[in-house]
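Visitor: entry.cif is reproduced in full below (mmCIF, C-alpha atoms).
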data_my_file
loop_
_atom_site.label_atom_id
_atom_site.label_comp_id
_atom_site.auth_asym_id
_atom_site.auth_seq_id
_atom_site.Cartn_x
_atom_site.Cartn_y
_atom_site.Cartn_z
CA MET A 1 106.13 113.49 48.03
CA ALA A 2 105.82 115.50 51.26
CA THR A 3 102.89 114.71 53.53
CA THR A 4 100.28 117.49 53.58
CA ILE A 5 97.89 118.35 56.41
CA ILE A 6 94.83 120.43 55.54
CA LEU A 7 93.28 122.24 58.51
CA GLY A 8 89.61 122.83 57.73
CA THR A 9 87.37 120.38 55.88
CA GLY A 10 84.89 122.74 54.27
CA ILE A 11 84.52 123.12 50.53
CA ILE A 12 87.88 124.93 50.15
CA GLY A 13 89.69 122.21 52.11
CA THR A 14 88.05 119.32 50.27
CA SER A 15 88.60 121.02 46.91
CA THR A 16 92.28 121.45 47.74
CA ALA A 17 92.60 117.83 48.80
CA TYR A 18 90.83 116.69 45.64
CA TYR A 19 93.28 118.50 43.37
CA LEU A 20 96.33 117.58 45.46
CA SER A 21 95.50 113.90 45.01
CA LYS A 22 95.83 114.20 41.25
CA HIS A 23 99.61 114.62 41.65
CA GLN A 24 100.50 112.90 44.92
CA PRO A 25 99.42 109.73 46.72
CA ALA A 26 96.13 110.29 48.53
CA SER A 27 97.56 108.46 51.54
CA THR A 28 99.92 111.41 52.10
CA ILE A 29 97.01 113.86 52.56
CA HIS A 30 95.28 114.42 55.90
CA LEU A 31 92.08 116.43 56.45
CA VAL A 32 91.46 117.79 59.95
CA ASP A 33 88.30 119.45 61.28
CA PRO A 34 87.11 120.11 64.87
CA SER A 35 83.39 120.47 64.16
CA PRO A 36 81.23 117.50 65.22
CA GLU A 37 79.37 117.90 61.92
CA LEU A 38 81.14 118.74 58.70
CA PHE A 39 79.90 121.51 56.39
CA ALA A 40 77.89 123.11 59.21
CA SER A 41 78.76 126.67 58.17
CA ALA A 42 79.12 128.38 54.78
CA SER A 43 80.07 125.20 52.92
CA GLY A 44 76.66 123.76 53.69
CA TYR A 45 74.52 126.86 54.22
CA ALA A 46 75.63 129.26 51.46
CA GLY A 47 73.54 129.99 48.39
CA GLY A 48 75.49 127.96 45.84
CA PHE A 49 75.41 130.66 43.16
CA LEU A 50 78.25 130.38 40.61
CA ALA A 51 79.51 133.21 38.42
CA LYS A 52 82.17 133.33 35.75
CA ASP A 53 82.99 137.02 35.50
CA TRP A 54 81.45 139.00 38.34
CA PHE A 55 84.82 139.77 39.94
CA SER A 56 87.31 142.60 40.18
CA ALA A 57 90.59 142.38 38.28
CA ALA A 58 92.48 140.84 41.20
CA ALA A 59 90.17 137.82 41.40
CA ALA A 60 88.92 137.66 37.80
CA ASP A 61 91.30 134.95 36.62
CA LEU A 62 90.53 132.74 39.61
CA GLY A 63 86.79 133.26 39.22
CA SER A 64 86.83 132.30 35.54
CA LEU A 65 88.99 129.23 36.17
CA SER A 66 86.75 128.05 38.97
CA PHE A 67 83.58 128.43 36.93
CA GLU A 68 85.11 126.23 34.23
CA GLU A 69 86.23 123.66 36.82
CA HIS A 70 82.67 123.50 38.16
CA ARG A 71 81.38 122.83 34.66
CA LYS A 72 83.96 120.11 33.96
CA LEU A 73 83.42 118.36 37.30
CA ALA A 74 79.65 118.43 36.80
CA GLU A 75 80.02 116.86 33.35
CA LYS A 76 82.47 114.25 34.62
CA ASP A 77 80.62 113.20 37.80
CA ASP A 78 76.97 113.84 36.85
CA GLY A 79 76.71 117.02 38.91
CA ALA A 80 73.19 117.74 37.67
CA LYS A 81 71.95 114.66 39.49
CA LYS A 82 74.35 114.55 42.44
CA TRP A 83 74.57 118.21 43.53
CA GLY A 84 71.98 120.04 41.44
CA TYR A 85 74.37 121.70 39.01
CA ALA A 86 72.28 123.70 36.56
CA ARG A 87 72.52 126.70 34.29
CA SER A 88 70.98 129.81 35.73
CA THR A 89 69.81 133.28 34.77
CA SER A 90 70.47 136.30 36.98
CA ILE A 91 67.77 138.92 37.35
CA SER A 92 67.71 142.27 39.13
CA LEU A 93 64.42 143.66 40.41
CA SER A 94 65.85 147.11 41.01
CA PRO A 95 68.11 149.30 38.89
CA ALA A 96 71.72 149.28 40.01
CA THR A 97 73.40 152.55 40.90
CA ASN A 98 76.97 151.33 40.55
CA SER A 99 78.31 149.30 37.65
CA LYS A 100 81.82 148.70 39.00
CA LYS A 101 82.90 145.33 40.32
CA ILE A 102 81.89 145.02 43.96
CA ASP A 103 84.19 143.01 46.25
CA VAL A 104 82.98 144.26 49.64
CA TRP A 105 79.27 144.39 48.79
CA CYS A 106 78.23 142.59 51.94
CA ARG A 107 79.68 145.05 54.43
CA ASP A 108 77.08 147.74 53.80
CA GLY A 109 74.21 145.61 52.54
CA ALA A 110 74.82 146.37 48.86
CA SER A 111 73.68 143.96 46.18
CA ARG A 112 75.85 141.54 44.25
CA ALA A 113 73.82 142.59 41.22
CA ASP A 114 76.09 145.64 41.09
CA ALA A 115 78.96 143.32 40.15
CA ALA A 116 77.11 141.55 37.34
CA SER A 117 78.97 141.38 34.06
CA GLY A 118 76.15 141.12 31.52
CA ASP A 119 74.54 143.94 29.63
CA ARG A 120 71.26 144.80 31.30
CA THR A 121 68.29 143.85 29.20
CA SER A 122 64.59 143.62 29.89
CA GLY A 123 63.64 140.09 30.78
CA VAL A 124 60.86 137.78 31.83
CA ALA A 125 60.53 136.87 35.48
CA PRO A 126 60.56 133.17 36.37
CA PRO A 127 57.09 131.68 36.89
CA TRP A 128 57.60 131.19 40.61
CA LEU A 129 58.28 134.88 41.25
CA ARG A 130 55.27 136.83 42.45
CA ARG A 131 55.47 140.40 41.17
CA GLU A 132 53.75 143.69 41.80
CA GLU A 133 52.57 145.88 38.96
CA GLY A 134 55.34 148.16 37.78
CA ASP A 135 58.23 145.93 38.86
CA ALA A 136 61.16 146.16 36.47
CA VAL A 137 62.87 142.90 35.54
CA GLU A 138 66.38 143.12 34.15
CA VAL A 139 68.51 140.19 33.05
CA ILE A 140 72.02 140.91 34.32
CA SER A 141 73.97 137.82 33.22
CA ASP A 142 75.10 136.67 29.80
CA GLU A 143 74.19 133.22 28.56
CA GLY A 144 76.40 130.52 30.07
CA THR A 145 78.07 132.74 32.68
CA VAL A 146 76.13 131.82 35.84
CA ALA A 147 75.04 128.52 37.34
CA GLN A 148 73.59 127.01 40.50
CA VAL A 149 74.55 124.16 42.83
CA ASP A 150 73.53 122.78 46.20
CA PRO A 151 76.74 123.52 48.15
CA LEU A 152 76.17 120.87 50.81
CA GLN A 153 75.76 118.12 48.23
CA LEU A 154 78.82 119.34 46.31
CA SER A 155 80.92 119.45 49.50
CA GLN A 156 79.82 115.94 50.43
CA HIS A 157 80.66 114.69 46.95
CA LEU A 158 84.17 116.16 47.09
CA LEU A 159 84.78 114.67 50.53
CA GLN A 160 83.64 111.24 49.38
CA LYS A 161 85.97 111.44 46.38
CA CYS A 162 88.84 112.19 48.77
CA LEU A 163 87.98 109.35 51.13
CA ASP A 164 87.51 106.88 48.28
CA ALA A 165 90.96 107.82 47.02
CA GLY A 166 92.47 106.87 50.39
CA MET A 167 92.91 110.19 52.23
CA HIS A 168 92.85 110.39 56.01
CA LEU A 169 90.04 112.28 57.77
CA HIS A 170 90.56 113.33 61.40
CA HIS A 171 87.16 114.40 62.68
CA PRO A 172 86.31 115.81 65.13
CA ALA A 173 89.91 116.70 65.81
CA LYS A 174 92.19 119.69 65.94
CA ALA A 175 95.85 120.49 65.45
CA ILE A 176 97.26 121.40 68.85
CA SER A 177 101.02 121.73 68.39
CA ILE A 178 103.88 121.52 65.93
CA GLN A 179 107.27 119.91 66.19
CA THR A 180 110.47 120.89 64.43
CA ASP A 181 113.61 119.03 63.43
CA VAL A 182 117.22 119.85 64.29
CA ARG A 183 117.13 122.69 61.72
CA ASN A 184 114.05 124.23 63.38
CA GLU A 185 111.98 123.30 60.33
CA LEU A 186 108.41 122.11 60.73
CA SER A 187 108.47 118.31 60.76
CA SER A 188 105.21 117.10 62.34
CA ILE A 189 101.88 118.17 63.80
CA CYS A 190 100.10 116.74 66.82
CA ILE A 191 96.42 116.03 66.12
CA ALA A 192 94.06 115.61 69.08
CA ASP A 193 90.83 113.65 68.72
CA THR A 194 88.32 115.80 70.61
CA GLN A 195 86.07 112.85 71.48
CA SER A 196 88.57 110.28 72.69
CA SER A 197 91.26 112.78 73.82
CA THR A 198 93.88 110.69 72.05
CA GLU A 199 96.76 112.49 70.39
CA THR A 200 98.58 111.47 67.22
CA ASP A 201 101.82 112.93 65.94
CA ILE A 202 101.73 113.07 62.12
CA PRO A 203 105.00 113.71 60.28
CA CYS A 204 104.43 116.44 57.69
CA THR A 205 106.14 119.39 56.10
CA ASN A 206 103.24 121.02 54.23
CA VAL A 207 100.33 122.65 56.08
CA ILE A 208 97.36 124.32 54.40
CA ILE A 209 94.92 126.39 56.46
CA THR A 210 91.45 126.33 54.90
CA ALA A 211 89.35 126.90 58.02
CA GLY A 212 87.28 129.76 56.66
CA ALA A 213 86.31 132.31 59.28
CA TRP A 214 88.12 130.19 61.89
CA SER A 215 91.48 130.41 60.07
CA PRO A 216 92.98 133.09 62.39
CA GLN A 217 92.23 130.96 65.46
CA VAL A 218 93.72 127.87 63.83
CA PHE A 219 96.89 129.78 62.97
CA SER A 220 97.32 131.42 66.38
CA GLU A 221 96.79 128.13 68.24
CA LEU A 222 99.28 126.30 66.03
CA PHE A 223 101.88 129.08 66.10
CA PRO A 224 101.45 130.60 69.60
CA THR A 225 104.78 132.45 69.56
CA SER A 226 103.87 134.36 66.40
CA ASN A 227 102.70 137.97 66.68
CA PHE A 228 101.17 137.85 63.22
CA LYS A 229 97.38 137.84 62.89
CA LEU A 230 95.79 136.48 59.75
CA PRO A 231 93.71 139.30 58.18
CA VAL A 232 90.51 137.28 57.97
CA SER A 233 87.29 138.08 59.86
CA SER A 234 83.77 136.69 59.86
CA LEU A 235 80.51 137.85 58.35
CA ALA A 236 77.38 136.19 59.70
CA GLY A 237 74.48 135.54 57.37
CA HIS A 238 71.01 134.14 57.99
CA SER A 239 69.19 132.11 55.36
CA LEU A 240 66.05 130.15 54.62
CA VAL A 241 65.43 127.20 52.35
CA VAL A 242 61.77 126.91 51.34
CA LYS A 243 59.53 124.95 49.01
CA SER A 244 56.70 126.30 46.90
CA PRO A 245 54.38 124.71 44.35
CA ARG A 246 55.40 127.62 42.13
CA TRP A 247 58.83 125.97 41.69
CA ALA A 248 58.44 122.27 40.91
CA LYS A 249 60.22 119.63 38.86
CA GLU A 250 58.35 120.52 35.69
CA HIS A 251 59.86 124.02 35.84
CA GLU A 252 63.48 122.81 36.12
CA GLU A 253 63.98 122.17 32.41
CA HIS A 254 64.04 125.93 31.88
CA GLY A 255 66.94 126.35 34.30
CA CYS A 256 67.35 128.01 37.67
CA HIS A 257 67.14 131.70 38.45
CA ALA A 258 69.08 134.02 40.75
CA ILE A 259 67.03 137.02 41.85
CA PHE A 260 68.76 140.08 43.31
CA MET A 261 66.49 142.71 44.79
CA THR A 262 66.73 145.74 47.04
CA SER A 263 64.18 145.74 49.84
CA GLN A 264 65.34 148.31 52.39
CA PRO A 265 68.62 150.13 53.10
CA GLY A 266 71.15 147.56 54.26
CA TYR A 267 69.07 144.60 53.10
CA SER A 268 69.42 143.23 49.57
CA PRO A 269 67.69 139.84 49.36
CA GLU A 270 69.20 137.13 47.19
CA ILE A 271 66.83 134.37 46.07
CA PHE A 272 68.05 131.27 44.24
CA SER A 273 65.92 128.48 42.81
CA ARG A 274 67.64 125.09 43.02
CA ILE A 275 67.13 121.73 41.41
CA GLY A 276 65.00 119.57 43.69
CA GLY A 277 62.23 122.06 44.38
CA HIS A 278 64.08 124.24 46.87
CA ILE A 279 64.39 128.03 46.90
CA TYR A 280 67.16 129.65 48.94
CA ILE A 281 66.64 133.11 50.47
CA ALA A 282 69.33 135.21 52.15
CA GLY A 283 70.65 138.77 52.31
CA LEU A 284 70.79 139.61 56.03
CA ASN A 285 74.46 139.89 56.97
CA SER A 286 76.20 141.06 60.14
CA PRO A 287 79.93 141.62 60.75
CA THR A 288 79.32 142.02 64.50
CA GLU A 289 77.77 138.62 65.22
CA PRO A 290 80.35 136.78 67.40
CA LEU A 291 82.03 133.81 65.77
CA PRO A 292 81.18 130.65 67.73
CA ALA A 293 83.88 128.23 68.82
CA LEU A 294 82.55 125.57 66.45
CA ALA A 295 80.42 125.84 63.33
CA THR A 296 77.68 123.70 64.88
CA ASP A 297 77.35 126.17 67.77
CA SER A 298 75.83 128.74 65.40
CA ARG A 299 72.48 126.96 65.48
CA GLY A 300 71.84 128.25 68.96
CA ASN A 301 72.44 131.83 67.76
CA ILE A 302 69.85 131.98 64.97
CA SER A 303 67.99 135.28 65.28
CA LYS A 304 64.20 135.00 65.27
CA PRO A 305 63.76 138.58 63.96
CA ALA A 306 66.21 137.87 61.12
CA ILE A 307 64.41 134.67 60.16
CA GLU A 308 61.04 136.42 60.30
CA ARG A 309 62.34 139.11 57.97
CA LEU A 310 63.45 136.44 55.51
CA ARG A 311 60.04 134.76 55.86
CA ASP A 312 58.42 138.08 54.97
CA THR A 313 60.55 138.20 51.84
CA ALA A 314 59.58 134.63 51.01
CA ARG A 315 55.90 135.50 51.31
CA GLU A 316 56.45 138.64 49.24
CA VAL A 317 58.01 136.81 46.30
CA LEU A 318 56.22 133.45 46.51
CA GLY A 319 52.80 134.28 47.88
CA GLU A 320 51.26 134.18 51.33
CA ASP A 321 50.20 130.54 51.30
CA ASP A 322 52.84 128.99 49.09
CA VAL A 323 55.81 128.79 51.44
CA GLU A 324 56.96 125.70 53.32
CA VAL A 325 60.13 126.30 55.34
CA VAL A 326 62.60 123.44 54.91
CA ARG A 327 65.54 124.86 56.85
CA GLU A 328 66.62 127.93 58.79
CA GLY A 329 70.31 128.72 58.82
CA LEU A 330 73.10 130.90 60.15
CA CYS A 331 76.58 130.62 58.70
CA PHE A 332 79.81 132.59 58.95
CA ARG A 333 81.64 133.58 55.79
CA PRO A 334 85.35 134.47 55.92
CA VAL A 335 86.01 138.00 54.67
CA THR A 336 88.97 140.34 54.29
CA ASP A 337 89.15 144.12 54.50
CA ARG A 338 90.37 144.29 50.91
CA GLY A 339 87.36 142.29 49.73
CA THR A 340 89.24 139.52 47.93
CA PRO A 341 90.40 136.09 49.11
CA ILE A 342 93.91 135.20 50.19
CA LEU A 343 95.70 132.41 48.31
CA SER A 344 99.26 132.46 49.51
CA ARG A 345 102.17 130.87 51.27
CA ILE A 346 102.60 132.36 54.74
CA PRO A 347 106.19 133.62 55.05
CA ASP A 348 108.33 131.83 57.61
CA THR A 349 108.94 135.18 59.28
CA CYS A 350 105.26 135.17 60.32
CA LEU A 351 105.41 131.78 62.03
CA GLY A 352 107.25 132.91 65.14
CA PRO A 353 110.87 132.89 66.38
CA SER A 354 112.96 129.79 65.71
CA MET A 355 110.36 128.44 63.30
CA SER A 356 110.88 127.76 59.61
CA THR A 357 109.76 125.42 56.85
CA ARG A 358 111.42 123.66 53.97
CA SER A 359 111.52 125.25 50.55
CA ALA A 360 108.61 124.54 48.22
CA PRO A 361 107.51 122.00 47.20
CA GLU A 362 109.02 120.10 50.11
CA GLY A 363 107.43 122.29 52.77
CA GLY A 364 105.54 125.43 53.73
CA VAL A 365 102.48 126.82 55.49
CA TYR A 366 99.73 128.07 53.17
CA LEU A 367 96.44 129.96 53.51
CA ALA A 368 93.31 129.81 51.38
CA ALA A 369 90.52 131.84 52.97
CA GLY A 370 88.57 135.10 52.84
CA HIS A 371 86.30 134.41 49.86
CA GLY A 372 83.31 136.25 51.33
CA PRO A 373 80.15 135.51 49.30
CA TRP A 374 82.14 133.72 46.60
CA GLY A 375 83.47 130.70 48.49
CA ILE A 376 81.33 128.16 46.64
CA SER A 377 81.85 129.80 43.27
CA MET A 378 85.64 130.03 43.70
CA SER A 379 86.09 126.75 45.57
CA LEU A 380 87.30 124.47 42.80
CA GLY A 381 89.59 127.07 41.27
CA THR A 382 91.05 127.82 44.69
CA GLY A 383 91.67 124.14 45.37
CA LYS A 384 93.35 123.69 42.01
CA VAL A 385 95.63 126.73 42.35
CA ILE A 386 96.60 126.07 45.97
CA ALA A 387 97.42 122.46 45.10
CA GLU A 388 99.64 123.70 42.26
CA MET A 389 101.27 126.23 44.58
CA VAL A 390 102.06 123.62 47.23
CA GLN A 391 103.35 121.08 44.72
CA GLY A 392 105.49 123.62 42.87
CA ARG A 393 103.63 123.32 39.58
CA PRO A 394 102.67 126.15 37.17
CA LEU A 395 99.56 127.99 38.34
CA SER A 396 96.38 127.76 36.27
CA ALA A 397 95.32 131.29 37.24
CA ASP A 398 97.06 134.55 38.02
CA VAL A 399 96.55 135.01 41.76
CA SER A 400 99.49 137.34 42.32
CA ARG A 401 97.20 140.07 43.67
CA LEU A 402 95.62 137.62 46.12
CA ALA A 403 98.85 137.07 48.02
CA LEU A 404 99.10 137.67 51.75
CA LYS A 405 100.27 141.22 52.49
CA VAL A 406 102.79 141.25 55.34
#
Just give me the structure of the file as structure tokens.
Guide:
Amino acid sequence: MATTIILGTGIIGTSTAYYLSKHQPASTIHLVDPSPELFASASGYAGGFLAKDWFSAAAADLGSLSFEEHRKLAEKDDGAKKWGYARSTSISLSPATNSKKIDVWCRDGASRADAASGDRTSGVAPPWLRREEGDAVEVISDEGTVAQVDPLQLSQHLLQKCLDAGMHLHHPAKAISIQTDVRNELSSICIADTQSSTETDIPCTNVIITAGAWSPQVFSELFPTSNFKLPVSSLAGHSLVVKSPRWAKEHEEHGCHAIFMTSQPGYSPEIFSRIGGHIYIAGLNSPTEPLPALATDSRGNISKPAIERLRDTAREVLGEDDVEVVREGLCFRPVTDRGTPILSRIPDTCLGPSMSTRSAPEGGVYLAAGHGPWGISMSLGTGKVIAEMVQGRPLSADVSRLALKV
């Protein structure tokens, strides 16, 4: 079996490695990440909301597959205890104006509630939600079609499964160059340890780029003679994790809730209760915030006005005196102009002159990125399908419309 190097050790990378190892020796899989701390961006700071059928036709099959994979993994590995997997109920606090599936909701501050699949019915607000008289509560998800996880704990669990299986983790490290054989086919990658400055040449023929918003930089640095630019950009998002006596362990037996509300134009707060007494609040997104060199660098760019606005929302929905801030965050989600992720082999013609790869499954360069707000929800399905693609096995979901357009 060909050795595979995965560039990017977030939840998409670890999911891919996890599924690859089911059909090839774990010792032939290498994970590479330059960040001093893993899961320091969206994989650790996203909301962790899972949906089964909130997607447009192009991504619907992948979304449904991934939701089922989340359920099966949680049952198999005790996800309720280890990463807070729980059923959820989605609620809108404002009537939606658009019932079509929304893929690019985050670019103009629209609400994900507009993509909800369930029939809208009057509902009861969760006990932790502080309401004003006249608020309308609508349940926007069908039973069993949405769930909640703690994405950091899930990412850490997947990584540990990979390491326990015998995979190699290069961290902090980065891929700095490629080597080719006498046929000009990719044959190895040089990995530089960014702390010790040592370099290691790893023979490999399969490369998978799963670096999220950093994927274009990873590609351009590895293939410097290529004129092709990966069509992935970044969307910055601030978040808060808070605690409130309104949401405590005794409330968890009734399940989590996902609250979608419209506050002001361009700001649609999303509020998720999680197992463990935490409530996640987000909804302030910016496509113009510069992408830092490393995920950990984002901590120095957290906007005080943005955090204060989220604190105001927390006080609005939880009460003035009931909010204890656990964590402030800024992460960068990978997005595409078309609004759907890319799961695809990158054609050899895009790699640069005199550069090629072996035919699948013996070789190739692949991309899995651009999931926008759905990276956690689609993570397991993406990992499963990309692993099948690389290994030349039948695909579990139709991702034909998620291919890279060249």
Visitor: So how many Å separate atom CA of A:Lys76 and atom CA of A:Ile342, to one decimal?
Guide: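 Atom CA of A:Ile342 lies 28.5 Å from atom CA of A:Lys76.
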Visitor: Take the PyMOL selection byres ((chain A and resi 348) around 12), apply it to the structure above, and return the hits as an NGL selection string.
Guide: :A and (184-186 or 223 or 226 or 228 or 345-347 or 349-360 or 363-366 or 406)
Visitor: Please write as a list in words the full residue list that the PyMOL selection byres ((chain A and resi 44) around 9) yields on this file.
Guide: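 Evaluating the PyMOL selection byres ((chain A and resi 44) around 9) on this file yields Gly10, Ile11, Leu38, Phe39, Ala40, Ser41, Ala42, Ser43, Tyr45, Ala46, Gly47, Gly48, Asp150, Pro151, Leu152, Gln153, Leu154, Ser155 and Cys331 of chain A.
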Visitor: Would you pick out the contacts of A:Glu75 at 12 Å or less, using all atoms listed in the file, so that residues sharing its chain but fewer than 6 positions from it are not included, and give the list as a list in words?
Guide: Glu68, Glu69, Lys81, Lys82, Trp83, Gly84, Tyr85 and Ala86 of chain A
Visitor: Suppose you want the space between atom CA of A:Cys162 and atom CA of A:Trp214; what is it in Å?
Guide: 22.3 Å
Visitor: Considering all atoms listed in the file, can you say which of A:Ala213, A:Ala59, A:Leu240, A:Val182 comes closest to A:Arg338?
Guide: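 Between A:Ala213, A:Ala59, A:Leu240, A:Val182, the residue approaching A:Arg338 most closely is A:Ala59.
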Visitor: Residues picked by the PyMOL selection byres ((chain A and resi 199-207) around 9) here, as an MDAnalysis selection string?
Guide: chainID A and resid 2:7 28 178:179 185:193 196:198 208:209 357:358 360:367 390
Visitor: Between A:Val325, A:Leu163, A:Met261, A:Ala295, which one has atoms that come closest to A:Val242, using only C-alpha atoms?
Guide: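 Looking only at the distances to A:Val242, the closest residue turns out to be A:Val325.
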Visitor: Could you please determine the separation between atom CA of A:Thr225 and atom CA of A:Leu343 in Å, to one decimal place?
Guide: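 Going from atom CA of A:Thr225 over to atom CA of A:Leu343 covers 23.1 Å.
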Visitor: Using only C-alpha atoms, find the one residue out of A:Thr180, A:Ser56, A:Ser88, A:Gln156 that sits nearest to A:Glu143.
Guide: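 For A:Glu143, the nearest of the given residues is A:Ser88.
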Visitor: Would you pick out the contacts of A:Phe272 at 9 Å or less, using all atoms listed in the file, so that residues sharing its chain but fewer than 3 positions from it are not included, and give the list as a PyMOL selection string?
Guide: chain A and resi 47-49+148+256-260+278-282
